[in-house]
file work_1.txt (compact mmCIF, C-alpha atoms and all ligand atoms)
# COMPACT_ATOMS: atom_id res chain seq x y z
CA THR A 262 -22.13 34.48 60.76
CA LEU A 263 -21.12 36.19 57.53
CA ARG A 264 -21.36 32.85 55.74
CA ASP A 265 -25.02 32.47 56.68
CA LEU A 266 -26.03 35.75 55.00
CA PRO A 267 -27.38 34.72 51.57
CA ALA A 268 -26.21 38.06 50.12
CA VAL A 269 -22.56 37.39 50.87
CA LYS A 270 -21.03 35.38 48.02
CA LEU A 271 -17.95 33.45 49.09
CA HIS A 272 -14.88 34.03 46.95
CA PRO A 273 -14.06 30.72 45.15
CA MET A 274 -10.40 30.86 46.12
CA TRP A 275 -10.34 32.46 49.52
CA GLN A 276 -13.60 31.15 51.03
CA GLY A 277 -13.76 34.62 52.53
CA PRO A 278 -16.36 37.35 51.79
CA LEU A 279 -16.08 38.64 48.25
CA VAL A 280 -17.45 42.05 49.28
CA VAL A 281 -16.74 43.55 52.68
CA PRO A 282 -20.07 44.97 53.99
CA GLY A 283 -19.83 48.79 54.06
CA GLY A 284 -16.34 48.73 52.56
CA ASP A 285 -15.83 52.10 50.85
CA ARG A 286 -12.03 52.13 50.79
CA GLN A 287 -11.18 48.74 49.36
CA SER A 288 -8.18 47.72 47.28
CA PRO A 289 -6.96 47.16 44.63
CA ILE A 290 -8.06 49.98 42.30
CA ASP A 291 -7.37 51.27 38.81
CA ILE A 292 -5.10 54.33 39.02
CA VAL A 293 -6.43 56.86 36.51
CA VAL A 294 -3.29 58.92 35.90
CA ARG A 295 -5.01 62.06 34.63
CA LYS A 296 -7.28 62.07 37.73
CA SER A 297 -4.43 61.71 40.22
CA VAL A 298 -3.60 64.91 42.13
CA PHE A 299 0.02 66.08 42.39
CA ASP A 300 0.95 66.79 46.04
CA SER A 301 4.26 68.67 46.42
CA GLU A 302 4.31 67.80 50.14
CA LEU A 303 4.90 64.12 49.31
CA LYS A 304 8.49 63.17 50.14
CA PRO A 305 10.76 60.48 48.69
CA LEU A 306 10.41 57.07 50.34
CA VAL A 307 13.07 56.28 52.94
CA THR A 308 13.63 52.53 53.33
CA ASP A 309 16.21 51.14 55.74
CA TYR A 310 16.10 47.34 55.48
CA ASP A 311 18.50 45.03 57.36
CA PRO A 312 18.94 41.74 55.42
CA GLN A 313 19.82 40.04 58.73
CA THR A 314 16.15 40.33 59.75
CA CYS A 315 15.08 38.00 56.93
CA GLN A 316 13.84 34.74 58.49
CA GLN A 317 11.81 32.41 56.29
CA ILE A 318 9.87 31.89 53.09
CA TRP A 319 6.59 29.99 53.05
CA ASN A 320 3.55 29.10 50.99
CA ASN A 321 0.42 30.33 52.79
CA GLY A 322 -2.01 28.99 50.18
CA TYR A 323 -2.59 32.42 48.54
CA SER A 324 0.98 33.47 47.65
CA PHE A 325 4.47 32.89 49.01
CA LEU A 326 5.64 35.18 51.81
CA VAL A 327 9.18 36.20 52.76
CA GLU A 328 8.93 37.04 56.46
CA TYR A 329 11.11 39.39 58.47
CA ASP A 330 11.78 39.65 62.19
CA ASP A 331 9.64 42.66 63.12
CA THR A 332 10.30 42.58 66.88
CA THR A 333 12.63 45.60 66.57
CA ASP A 334 12.91 48.66 64.31
CA LYS A 335 15.69 47.12 62.18
CA SER A 336 13.91 47.14 58.82
CA THR A 337 11.84 50.26 58.41
CA LEU A 338 9.99 52.51 55.97
CA LYS A 339 9.36 56.19 56.52
CA GLY A 340 8.94 59.35 54.46
CA GLY A 341 6.73 59.35 51.38
CA PRO A 342 3.15 60.09 52.52
CA LEU A 343 3.84 58.66 55.98
CA GLN A 344 3.99 60.61 59.26
CA ASP A 345 5.21 57.66 61.32
CA LYS A 346 7.86 54.93 61.09
CA PHE A 347 6.69 51.57 59.75
CA ARG A 348 8.29 48.16 60.28
CA LEU A 349 8.69 45.63 57.44
CA CYS A 350 6.99 42.35 58.32
CA GLN A 351 6.76 40.50 55.00
CA PHE A 352 6.71 40.75 51.23
CA HIS A 353 4.87 38.63 48.67
CA PHE A 354 3.62 38.76 45.08
CA HIS A 355 0.45 38.39 43.00
CA TRP A 356 0.61 37.01 39.44
CA GLY A 357 -1.37 35.57 36.53
CA GLU A 358 -1.33 32.30 34.64
CA SER A 359 -0.12 34.26 31.62
CA ASN A 360 2.02 37.38 31.20
CA ALA A 361 -1.07 39.25 30.00
CA TRP A 362 -2.41 39.81 33.51
CA GLY A 363 -1.61 39.24 37.18
CA SER A 364 -1.23 42.59 38.91
CA GLU A 365 -3.81 43.83 41.44
CA HIS A 366 -3.52 47.55 40.75
CA THR A 367 -3.67 48.83 37.17
CA VAL A 368 -2.54 52.14 35.66
CA ASP A 369 -5.10 53.53 33.21
CA ARG A 370 -6.45 49.95 33.06
CA ARG A 371 -3.00 48.61 32.08
CA LEU A 372 -2.36 45.19 33.63
CA PHE A 373 1.10 43.93 34.53
CA PRO A 374 2.09 40.26 34.75
CA ALA A 375 2.74 40.51 38.49
CA GLU A 376 2.87 42.86 41.48
CA LEU A 377 5.15 42.88 44.55
CA HIS A 378 3.78 43.98 47.95
CA LEU A 379 6.12 45.01 50.77
CA VAL A 380 4.00 45.02 53.94
CA HIS A 381 4.85 47.31 56.88
CA TRP A 382 3.03 48.26 60.11
CA ASN A 383 3.09 51.47 62.17
CA SER A 384 5.53 50.79 65.01
CA ASP A 385 5.28 54.35 66.36
CA LYS A 386 1.63 53.73 67.31
CA TYR A 387 1.24 49.95 67.71
CA SER A 388 3.29 47.05 69.06
CA LEU A 389 2.10 44.22 66.81
CA PHE A 390 1.04 43.76 63.17
CA GLU A 391 -2.16 42.10 64.44
CA GLU A 392 -3.01 45.31 66.32
CA ALA A 393 -2.07 47.70 63.50
CA VAL A 394 -4.05 45.72 60.91
CA MET A 395 -7.29 46.93 62.51
CA GLU A 396 -6.38 50.63 62.52
CA ASP A 397 -6.83 53.37 59.89
CA ASN A 398 -3.16 54.36 59.88
CA GLY A 399 -1.89 50.92 60.83
CA LEU A 400 -0.28 49.63 57.63
CA ALA A 401 1.77 50.84 54.69
CA VAL A 402 2.19 48.61 51.65
CA ILE A 403 4.58 49.41 48.78
CA GLY A 404 3.34 48.04 45.46
CA VAL A 405 5.84 47.45 42.64
CA PHE A 406 4.78 46.30 39.17
CA LEU A 407 6.74 43.51 37.48
CA LYS A 408 7.31 43.37 33.73
CA VAL A 409 8.78 40.43 31.77
CA GLY A 410 12.23 41.23 30.37
CA ARG A 411 15.75 40.84 31.68
CA ARG A 412 16.47 38.34 34.43
CA HIS A 413 16.42 39.95 37.88
CA GLU A 414 19.65 38.80 39.55
CA GLY A 415 18.50 39.74 43.07
CA LEU A 416 15.24 37.79 42.67
CA GLN A 417 17.02 34.56 41.66
CA LYS A 418 17.93 33.59 45.26
CA LEU A 419 14.21 33.73 46.06
CA VAL A 420 13.22 31.85 42.87
CA ASP A 421 15.69 29.07 43.77
CA ALA A 422 13.94 28.59 47.12
CA LEU A 423 10.44 28.15 45.63
CA PRO A 424 10.60 24.44 44.68
CA ALA A 425 11.08 23.67 48.40
CA ILE A 426 7.74 25.34 49.24
CA ARG A 427 5.57 24.06 46.37
CA HIS A 428 2.70 23.06 48.65
CA LYS A 429 0.47 25.15 50.91
CA GLY A 430 1.87 25.17 54.45
CA SER A 431 5.50 24.46 53.57
CA VAL A 432 8.17 26.71 55.13
CA VAL A 433 11.93 26.87 54.67
CA GLU A 434 14.61 29.01 56.29
CA PHE A 435 15.49 32.02 54.15
CA THR A 436 18.11 34.48 55.37
CA ARG A 437 20.18 37.49 54.39
CA PHE A 438 17.85 38.73 51.66
CA ASP A 439 17.77 42.50 51.10
CA PRO A 440 14.30 43.47 49.84
CA ALA A 441 15.68 46.84 48.71
CA CYS A 442 17.05 44.99 45.64
CA LEU A 443 13.42 44.54 44.51
CA LEU A 444 12.65 48.27 44.52
CA PRO A 445 12.88 50.24 41.26
CA THR A 446 15.79 52.66 40.90
CA ASN A 447 13.35 55.59 41.07
CA THR A 448 11.64 55.60 44.48
CA GLU A 449 10.62 59.26 44.24
CA ASP A 450 7.73 58.76 41.81
CA TYR A 451 4.68 56.98 43.24
CA TRP A 452 0.91 57.20 43.64
CA THR A 453 -0.60 56.97 47.12
CA TYR A 454 -4.17 56.43 48.41
CA HIS A 455 -5.98 55.00 51.43
CA GLY A 456 -7.23 51.46 50.91
CA SER A 457 -7.35 47.96 52.28
CA LEU A 458 -5.62 44.63 52.36
CA THR A 459 -6.43 42.74 49.15
CA THR A 460 -6.58 39.36 50.89
CA PRO A 461 -8.39 38.42 54.12
CA PRO A 462 -8.94 40.13 56.55
CA LEU A 463 -9.40 42.86 53.84
CA THR A 464 -9.28 45.52 56.58
CA GLU A 465 -9.22 49.20 55.53
CA SER A 466 -5.98 50.04 57.30
CA VAL A 467 -3.52 50.50 54.41
CA THR A 468 -1.73 53.56 53.09
CA TRP A 469 -0.92 52.27 49.60
CA ILE A 470 2.28 53.48 47.91
CA VAL A 471 2.32 52.25 44.28
CA MET A 472 5.63 52.87 42.49
CA LYS A 473 5.45 54.44 39.05
CA GLN A 474 8.56 52.60 37.81
CA HIS A 475 8.32 48.83 37.39
CA ILE A 476 11.05 46.22 37.82
CA GLU A 477 11.92 43.57 35.23
CA VAL A 478 12.06 39.81 35.80
CA SER A 479 12.59 37.07 33.20
CA HIS A 480 9.85 34.85 31.76
CA ASP A 481 11.55 31.83 33.36
CA GLN A 482 11.63 33.46 36.80
CA LEU A 483 7.90 34.16 36.58
CA ALA A 484 7.28 30.59 35.37
CA VAL A 485 8.71 29.32 38.69
CA PHE A 486 6.13 31.45 40.57
CA ARG A 487 3.47 29.56 38.57
CA SER A 488 4.95 26.19 39.57
CA LEU A 489 3.75 26.79 43.14
CA LEU A 490 0.52 25.16 44.29
CA PHE A 491 -2.52 26.49 46.19
CA THR A 492 -3.02 23.01 47.58
CA SER A 493 -1.28 21.11 50.37
CA ALA A 494 0.65 17.87 49.78
CA GLU A 495 -2.25 15.79 51.20
CA GLU A 496 -4.90 17.04 48.75
CA GLU A 497 -5.64 14.76 45.79
CA VAL A 498 -6.24 17.48 43.23
CA GLN A 499 -3.24 19.85 42.94
CA LYS A 500 -4.08 23.38 41.85
CA SER A 501 -1.45 25.70 40.32
CA MET A 502 -0.95 28.92 42.24
CA VAL A 503 -1.87 31.43 39.52
CA ASN A 504 -4.30 34.37 39.21
CA ASN A 505 -3.96 35.08 42.95
CA PHE A 506 -5.11 38.68 42.56
CA ARG A 507 -8.28 40.35 43.78
CA VAL A 508 -10.81 42.01 41.47
CA GLN A 509 -10.63 45.80 41.36
CA GLN A 510 -12.77 47.71 43.82
CA PRO A 511 -14.82 50.93 43.48
CA LEU A 512 -12.95 54.15 44.19
CA CYS A 513 -15.96 55.54 46.15
CA GLY A 514 -14.84 59.15 45.72
CA ARG A 515 -11.28 58.62 46.95
CA SER A 516 -8.53 60.68 45.37
CA VAL A 517 -5.18 59.25 44.39
CA ARG A 518 -2.23 61.59 44.97
CA SER A 519 0.99 61.54 42.95
CA SER A 520 4.45 62.56 44.12
CA PHE A 521 5.35 63.67 40.57
CA THR A 522 3.84 65.78 37.81
N1 LIG A 601 -2.15 41.73 49.47
S1 LIG A 601 -1.90 42.70 50.71
O1 LIG A 601 -0.54 43.21 50.68
O2 LIG A 601 -2.95 43.70 50.71
C1 LIG A 601 -2.07 41.81 52.16
N2 LIG A 601 -3.14 41.09 52.48
C2 LIG A 601 -3.00 40.52 53.71
C3 LIG A 601 -1.81 40.78 54.36
S2 LIG A 601 -0.88 41.77 53.38
ZN ZN A 602 -0.59 41.52 48.30

call {"tool": "encode", "arguments": {"input": "work_1.txt", "output": "structure tokens"}}
result
Amino acid sequence: TLRDLPAVKLHPMWQGPLVVPGGDRQSPIDIVVRKSVFDSELKPLVTDYDPQTCQQIWNNGYSFLVEYDDTTDKSTLKGGPLQDKFRLCQFHFHWGESNAWGSEHTVDRRLFPAELHLVHWNSDKYSLFEEAVMEDNGLAVIGVFLKVGRRHEGLQKLVDALPAIRHKGSVVEFTRFDPACLLPTNTEDYWTYHGSLTTPPLTESVTWIVMKQHIEVSHDQLAVFRSLLFTSAEEEVQKSMVNNFRVQQPLCGRSVRSSFT
């Protein structure tokens, strides 16, 4: 198997392959603003999220996920660079142990303390996330940078639920949360490129939509993210869930388009 190949180094945190063999459209990447290409055909994002589809929040050992009922087209994303309609299935974050780093994407090498990912799959073409995750045009992930500043009132409900899921594998009910409150006010300006998931299975099935405008959260709110653990309750050594971001990947000739000049 992959593990037997001496060339494949296992990632210390994910025990998965660090480099995907033959991967030439991996994520995350550094977005070099002056090299991005303005595309006037790019439309504003159209999100239509139903808070009633929010189901649970859980610690999967990499991040914490807020999961939505994606058995119907109740919470959807369309527009932007997308031709089809995409269904929201979950959102999660990546962050650092300090405010100096934590995001997966960077803008002209600038790091942010954290990054939000809203994960959607193409429900016009596929019937399950597991199917779409293997296909070129299967997924669309919105990336939003977080900066430390004012407290984010909408985020607080989520922050208050985190102590209940400190350990890997813990799940609690989480309902009536509108993820639209986590989007920046400006959803017209974004960069978009074809890439991959940044955690296993790392498949190259993602149309990335990285928002130009960040959102602000308070230092204390981010500190609660860092109080989560990678480890389950049974493990002797508890490890703080921090620095759960992937290293940046080669662009391999890809172009990044911008919806703004
Ligand atoms: N970090 S990510 O949004 O690329 C992702 N990885 C696996 C499922 S969703
Ligand atoms: Zn992510």

call {"tool": "residues_near_point", "arguments": {"input": "work_1.txt", "point": "(16.9, 40.7, 44.1)", "cutoff": "12 Å", "atoms": "all atoms listed in the file", "output": "PyMOL selection string"}}
result
chain A and resi 312+377+412-421+437-445+476-478+482

call {"tool": "axis_aligned_box", "arguments": {"input": "work_1.txt", "around": "ligand LIG 601 (chain A)", "padding_each_side": "6 Å", "output": "lines of an AutoDock Vina configuration file"}}
result
center_x = -1.8
center_y = 42.1
center_z = 51.9
size_x = 14.6
size_y = 15.2
size_z = 16.9

call {"tool": "closest_residue", "arguments": {"input": "work_1.txt", "among": "A:Phe347, A:Gly284, A:Thr468, A:Arg295", "to": "Asp309 of chain A", "atoms": "only C-alpha atoms"}}
result
A:Phe347

call {"tool": "closest_residue", "arguments": {"input": "work_1.txt", "among": "A:Asp311, A:Glu328, A:Glu358, A:Asp300", "to": "His480 of chain A", "atoms": "all atoms listed in the file"}}
result
A:Glu358

call {"tool": "residues_near_ligand", "arguments": {"input": "work_1.txt", "ligand": "ligand LIG 601 (chain A)", "cutoff": "7 Å", "atoms": "all atoms listed in the file", "output": "ChimeraX atom specification"}}
result
/A:378-380,402,457-463

call {"tool": "residues_around", "arguments": {"input": "work_1.txt", "residues": "Arg348 of chain A", "least_positions_apart": "3", "cutoff": "10 Å", "atoms": "all atoms listed in the file", "output": "ChimeraX atom specification"}}
result
/A:308-310,329-339,351,380-385,389-390,400-401

call {"tool": "closest_residue", "arguments": {"input": "work_1.txt", "among": "A:His366, A:Arg515, A:Lys346, A:Lys500", "to": "His455 of chain A", "atoms": "all atoms listed in the file"}}
result
A:Arg515

call {"tool": "closest_residue", "arguments": {"input": "work_1.txt", "among": "A:Gly363, A:Gly341, A:Gly322, A:Pro289", "to": "Gln510 of chain A", "atoms": "only C-alpha atoms"}}
result
A:Pro289

call {"tool": "residues_near_point", "arguments": {"input": "work_1.txt", "point": "(-14.1, 50.3, 47.2)", "cutoff": "10 Å", "atoms": "all atoms listed in the file", "output": "ChimeraX atom specification"}}
result
/A:280-281,283-290,456-457,465,509-515

call {"tool": "write_last_selection", "arguments": {"input": "work_1.txt", "atoms": "C-alpha atoms", "output": "PDB file, in the coordinates of the input"}}
result
ATOM      1  CA  VAL A 280     -17.450  42.050  49.280  1.00  0.00           C
ATOM      2  CA  VAL A 281     -16.740  43.550  52.680  1.00  0.00           C
ATOM      3  CA  GLY A 283     -19.830  48.790  54.060  1.00  0.00           C
ATOM      4  CA  GLY A 284     -16.340  48.730  52.560  1.00  0.00           C
ATOM      5  CA  ASP A 285     -15.830  52.100  50.850  1.00  0.00           C
ATOM      6  CA  ARG A 286     -12.030  52.130  50.790  1.00  0.00           C
ATOM      7  CA  GLN A 287     -11.180  48.740  49.360  1.00  0.00           C
ATOM      8  CA  SER A 288      -8.180  47.720  47.280  1.00  0.00           C
ATOM      9  CA  PRO A 289      -6.960  47.160  44.630  1.00  0.00           C
ATOM     10  CA  ILE A 290      -8.060  49.980  42.300  1.00  0.00           C
ATOM     11  CA  GLY A 456      -7.230  51.460  50.910  1.00  0.00           C
ATOM     12  CA  SER A 457      -7.350  47.960  52.280  1.00  0.00           C
ATOM     13  CA  GLU A 465      -9.220  49.200  55.530  1.00  0.00           C
ATOM     14  CA  GLN A 509     -10.630  45.800  41.360  1.00  0.00           C
ATOM     15  CA  GLN A 510     -12.770  47.710  43.820  1.00  0.00           C
ATOM     16  CA  PRO A 511     -14.820  50.930  43.480  1.00  0.00           C
ATOM     17  CA  LEU A 512     -12.950  54.150  44.190  1.00  0.00           C
ATOM     18  CA  CYS A 513     -15.960  55.540  46.150  1.00  0.00           C
ATOM     19  CA  GLY A 514     -14.840  59.150  45.720  1.00  0.00           C
ATOM     20  CA  ARG A 515     -11.280  58.620  46.950  1.00  0.00           C
TER      21      ARG A 515
END

call {"tool": "closest_residue", "arguments": {"input": "work_1.txt", "among": "A:Gln344, A:Thr446, A:Ser301, A:Ser359", "to": "Val503 of chain A", "atoms": "all atoms listed in the file"}}
result
A:Ser359

call {"tool": "atom_distance", "arguments": {"input": "work_1.txt", "atom1": "atom CA of Gly430 of chain A", "atom2": "atom CA of Glu497 of chain A"}}
result
15.5 Å

call {"tool": "atom_distance", "arguments": {"input": "work_1.txt", "atom1": "atom CA of His428 of chain A", "atom2": "atom CA of Arg411 of chain A"}}
result
27.8 Å

call {"tool": "closest_residue", "arguments": {"input": "work_1.txt", "among": "A:Lys473, A:Arg370, A:His353, A:Arg518", "to": "Tyr451 of chain A", "atoms": "all atoms listed in the file"}}
result
A:Lys473

call {"tool": "atom_distance", "arguments": {"input": "work_1.txt", "atom1": "atom CA of Ile403 of chain A", "atom2": "atom CA of Thr453 of chain A"}}
result
9.3 Å
